[in-house]
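Below: one structure, written as structure tokens.
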Amino acid sequence: MPVTSVPAPAPGPDWLAERLFDKRIVSLTGRLDAEATNRAAASLALLDASDDGEVQLWLHGVDADIDAAAVLLDTLDLMGVPLHVHCRGDVRGMAIALLAPADRRTSASHATFHLREPQTSCTGPASDVAVAAEHHEQQLRRLQQRIADSCGRPVDTVIGDMRDHRILTADEARDYGLIDAVTGARSVDGE
């Protein structure tokens with residue numbers, strides 16, 4: 001008798017995000033464009049509204065401009081459930097501000113944190129460029145103040161470190177106040 005096999009259906013394009021969502025995890029990676037930012041904000045708001053359990057936000061290899069960081073920061077500020085932000089890989093630019101509202105902030109031991117000011121561009125008449133530049137500067141200062149407040153550091157220190165493009169290891173980020181704890185590596189000998 002011939003053996004027939006039925007192939008298992010291939011997972012859809014969002015199968016992993018769906019599985020993480022079921023575990024109350026939102027994972028962000030890469031440069032956050034408008035679509036990724038809106039999807040993350042909606043996911044976080046839905047998780048907040050659906051249960052009282054902790055929500056985890058995973059940041060790995062993530063970078064955000066001022067607008068993306070502001071949208072997500074506003075979303076995180078409105079959440080009424082405990083928030084745990086965990087970092088892996090590089091966390092760059094204004095994505096660092098996403099650590100500020102977390103109840104618990106952790107990092108993998110090999111994560112790095114790139115404190116740097118975001119770039120922006122604008123075209124048009126000089127008056128439009130001037131207005132955009134002023135808006136950018138105001139938003140940047142608000143986010144830098146938020147980072148400084150969450151770290152317990154003077155805002156001038158954060159501004160200077162961002163201008164200098166300071167890069168911190170996980171341990172340095174803990175000492176700086178960006179995170180609360182560095183998660184341990186697995187022991188090779190099982191201890």
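The chains in the structure tokens are called A, B, ... from first to last as shown; in each chain the residues are counted from 1, and the ligands are counted from 1 in the order shown.
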
**OP:** Show which residues sit within 8 Å of Arg92 (chain A), as a VMD selection string. Count only C-alpha atoms, and ignore same-chain residues fewer than 6 positions away.
**Re:** chain A and resid 61 to 64 113 to 116

Selected residues, N, CA and C atoms, written as a PDB file, in the first residue's frame, please.
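Final output, again_20.pdb:
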ATOM      1  N   GLY A  61      18.906  45.132  18.098  1.00  0.00           N
ATOM      2  CA  GLY A  61      19.358  45.737  16.859  1.00  0.00           C
ATOM      3  C   GLY A  61      18.387  46.794  16.379  1.00  0.00           C
ATOM      4  N   VAL A  62      17.884  47.595  17.291  1.00  0.00           N
ATOM      5  CA  VAL A  62      16.824  48.544  16.954  1.00  0.00           C
ATOM      6  C   VAL A  62      17.345  49.980  16.984  1.00  0.00           C
ATOM      7  N   ASP A  63      16.814  50.771  16.056  1.00  0.00           N
ATOM      8  CA  ASP A  63      17.135  52.190  15.967  1.00  0.00           C
ATOM      9  C   ASP A  63      15.830  52.923  15.695  1.00  0.00           C
ATOM     10  N   ALA A  64      15.698  54.101  16.246  1.00  0.00           N
ATOM     11  CA  ALA A  64      14.470  54.876  16.050  1.00  0.00           C
ATOM     12  C   ALA A  64      14.805  56.346  15.892  1.00  0.00           C
ATOM     13  N   PHE A 113      24.853  49.850  23.744  1.00  0.00           N
ATOM     14  CA  PHE A 113      23.945  50.989  23.724  1.00  0.00           C
ATOM     15  C   PHE A 113      24.672  52.169  23.095  1.00  0.00           C
ATOM     16  N   HIS A 114      24.150  52.655  21.979  1.00  0.00           N
ATOM     17  CA  HIS A 114      24.780  53.752  21.245  1.00  0.00           C
ATOM     18  C   HIS A 114      24.003  55.040  21.531  1.00  0.00           C
ATOM     19  N   LEU A 115      24.570  55.844  22.390  1.00  0.00           N
ATOM     20  CA  LEU A 115      23.972  57.147  22.675  1.00  0.00           C
ATOM     21  C   LEU A 115      24.370  58.091  21.546  1.00  0.00           C
ATOM     22  N   ARG A 116      23.410  58.496  20.738  1.00  0.00           N
ATOM     23  CA  ARG A 116      23.711  59.439  19.669  1.00  0.00           C
ATOM     24  C   ARG A 116      22.452  60.194  19.279  1.00  0.00           C
TER      25      ARG A 116
END

**OP:** Please report, as a PyMOL selection string, each residue of region 6-184 of chain A to which DSSP assigns strand (DSSP E) when run on this structure's backbone.
**Re:** chain A and resi 25-31+55-64+83-93+104-107+112-114+167-169+181-182

Original post:
Quick one: residues within 8 Å of Gln56 (chain A), only C-alpha atoms counted, chain neighbours fewer than 3 positions away excluded, as a VMD selection string?
Top reply: chain A and resid 24 to 26 83 to 86

Those selected residues, please, written with N, CA and C atoms and delivered as a PDB file, in the first residue's frame.
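Below you can see out15.pdb, which holds the result:
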ATOM      1  N   ARG A  24       2.597  37.669  25.329  1.00  0.00           N
ATOM      2  CA  ARG A  24       2.618  39.076  25.774  1.00  0.00           C
ATOM      3  C   ARG A  24       3.982  39.724  25.542  1.00  0.00           C
ATOM      4  N   ILE A  25       4.570  39.401  24.383  1.00  0.00           N
ATOM      5  CA  ILE A  25       5.877  39.932  24.002  1.00  0.00           C
ATOM      6  C   ILE A  25       5.743  40.667  22.674  1.00  0.00           C
ATOM      7  N   VAL A  26       6.291  41.877  22.614  1.00  0.00           N
ATOM      8  CA  VAL A  26       6.414  42.628  21.367  1.00  0.00           C
ATOM      9  C   VAL A  26       7.905  42.768  21.106  1.00  0.00           C
ATOM     10  N   LEU A  83       5.608  46.710  32.781  1.00  0.00           N
ATOM     11  CA  LEU A  83       6.351  46.673  31.530  1.00  0.00           C
ATOM     12  C   LEU A  83       7.795  46.266  31.792  1.00  0.00           C
ATOM     13  N   HIS A  84       8.248  45.257  31.065  1.00  0.00           N
ATOM     14  CA  HIS A  84       9.636  44.800  31.128  1.00  0.00           C
ATOM     15  C   HIS A  84      10.250  45.010  29.749  1.00  0.00           C
ATOM     16  N   VAL A  85      11.306  45.826  29.669  1.00  0.00           N
ATOM     17  CA  VAL A  85      12.031  46.027  28.408  1.00  0.00           C
ATOM     18  C   VAL A  85      13.346  45.270  28.516  1.00  0.00           C
ATOM     19  N   HIS A  86      13.605  44.429  27.529  1.00  0.00           N
ATOM     20  CA  HIS A  86      14.835  43.634  27.493  1.00  0.00           C
ATOM     21  C   HIS A  86      15.581  43.939  26.197  1.00  0.00           C
TER      22      HIS A  86
END

**OP:** Determine which residues of region 17-59 of chain A receive a DSSP assignment of alpha helix (DSSP H), computed from the backbone, and state them as a list of chain:residue names.
**Re:**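 Selection result, alpha helix (DSSP H) within region 17-59 of chain A: A:Ala17, A:Glu18, A:Arg19, A:Leu20, A:Phe21, A:Asp22, A:Ala34, A:Glu35, A:Ala36, A:Thr37, A:Asn38, A:Arg39, A:Ala40, A:Ala41, A:Ala42, A:Ser43, A:Leu44, A:Ala45, A:Leu46, A:Leu47, A:Asp48, A:Ala49, A:Ser50.
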
Subject >> Residue with smallest distance to Asp161 (chain A) - pool A:Glu35, A:Asp48, A:Glu117, A:Glu18, counting only C-alpha atoms >> reply: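 For Asp161 (chain A), the nearest of the given residues is A:Glu117.
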
Original post:
From the set A:Ala41, A:Ile167, A:Ala36, A:Val55, which residue has the shortest atom-to-atom contact distance to Ala102 (chain A), counting only C-alpha atoms?
Top reply: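 Result for the nearest residue to Ala102 (chain A): A:Val55.
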
Would you tabulate, counting only C-alpha atoms, all residues of region 112-144 of chain A that have an atom at most 10 Å from an atom of region 68-81 of chain A, showing the closest pair of atoms and their distance in Å to one decimal, sorted by chain then ascending number, as a Markdown table?
| residue | atom | partner | partner_atom | distance |
| --- | --- | --- | --- | --- |
| A:Gln139 | CA | A:Ala70 | CA | 8.0 |
| A:Leu140 | CA | A:Ala70 | CA | 9.5 |
| A:Arg142 | CA | A:Ala70 | CA | 9.3 |
| A:Leu143 | CA | A:Ala70 | CA | 7.6 |

Generate the output file for the selected residues, all heavy atoms, as a CSV table (one decimal), in the first residue's frame.
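Result saved to again-v4.csv:
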chain,number,residue,atom,x,y,z
A,139,GLN,N,11.7,68.3,20.3
A,139,GLN,CA,11.4,66.9,20.5
A,139,GLN,C,12.7,66.1,21.1
A,139,GLN,O,12.6,65.3,22.0
A,139,GLN,CB,11.0,66.2,19.3
A,139,GLN,CG,9.6,66.5,18.9
A,139,GLN,CD,8.6,65.6,19.7
A,139,GLN,OE1,8.4,65.9,20.8
A,139,GLN,NE2,8.1,64.6,19.1
A,140,LEU,N,13.8,66.5,20.5
A,140,LEU,CA,15.1,65.8,21.0
A,140,LEU,C,15.3,66.2,22.4
A,140,LEU,O,15.7,65.3,23.2
A,140,LEU,CB,16.3,66.3,20.1
A,140,LEU,CG,17.6,65.8,20.5
A,140,LEU,CD1,17.7,64.3,20.5
A,140,LEU,CD2,18.7,66.5,19.6
A,142,ARG,N,13.2,67.0,24.8
A,142,ARG,CA,12.2,66.3,25.6
A,142,ARG,C,12.6,64.8,25.8
A,142,ARG,O,12.5,64.3,26.9
A,142,ARG,CB,10.8,66.3,25.0
A,142,ARG,CG,10.1,67.6,25.3
A,142,ARG,CD,8.6,67.5,25.0
A,142,ARG,NE,8.3,67.4,23.6
A,142,ARG,CZ,8.1,68.4,22.8
A,142,ARG,NH1,8.1,69.7,23.3
A,142,ARG,NH2,7.8,68.3,21.5
A,143,LEU,N,13.0,64.1,24.8
A,143,LEU,CA,13.4,62.8,24.9
A,143,LEU,C,14.7,62.6,25.7
A,143,LEU,O,14.9,61.7,26.5
A,143,LEU,CB,13.6,62.1,23.5
A,143,LEU,CG,12.3,61.9,22.7
A,143,LEU,CD1,12.5,61.4,21.3
A,143,LEU,CD2,11.3,61.0,23.5

**OP:** Check the smallest atom-to-atom distance from each of A:Ala111, A:Leu28, A:His136, A:Leu57 to Ala181 (chain A) using only C-alpha atoms, then report the winner.
**Re:**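 Using only C-alpha atoms, the shortest distance to Ala181 (chain A) belongs to A:Ala111.
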
Original post:
Given the choices A:Ser150, A:His110, A:Trp58, A:Thr123, which gets closest to Glu172 (chain A) if the distance is worked out from only C-alpha atoms?
Top reply: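 Once distances to Glu172 (chain A) are computed over only C-alpha atoms, the minimum belongs to A:His110.
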
Subject >> Nearest to Ala95 (chain A), chosen from A:Ile147, A:Ala133, A:Ala108, A:Ala42, with only C-alpha atoms counted in the distances >> reply: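 For Ala95 (chain A), the nearest of the given residues is A:Ile147.
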
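From CA of Ala45 (chain A) back to CA of Arg19 (chain A), the distance works out to 17.1 Å.
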
Original post:
Using only C-alpha atoms, which of the listed residues (A:Gln138, A:Asp67, A:Thr183, A:Ser109) sits closest to Asn38 (chain A)?
Top reply: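 Selected residue with least distance to Asn38 (chain A): A:Asp67.
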
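Between CA of Leu47 (chain A) and CA of Gly152 (chain A) the interatomic distance comes to 29.2 Å.
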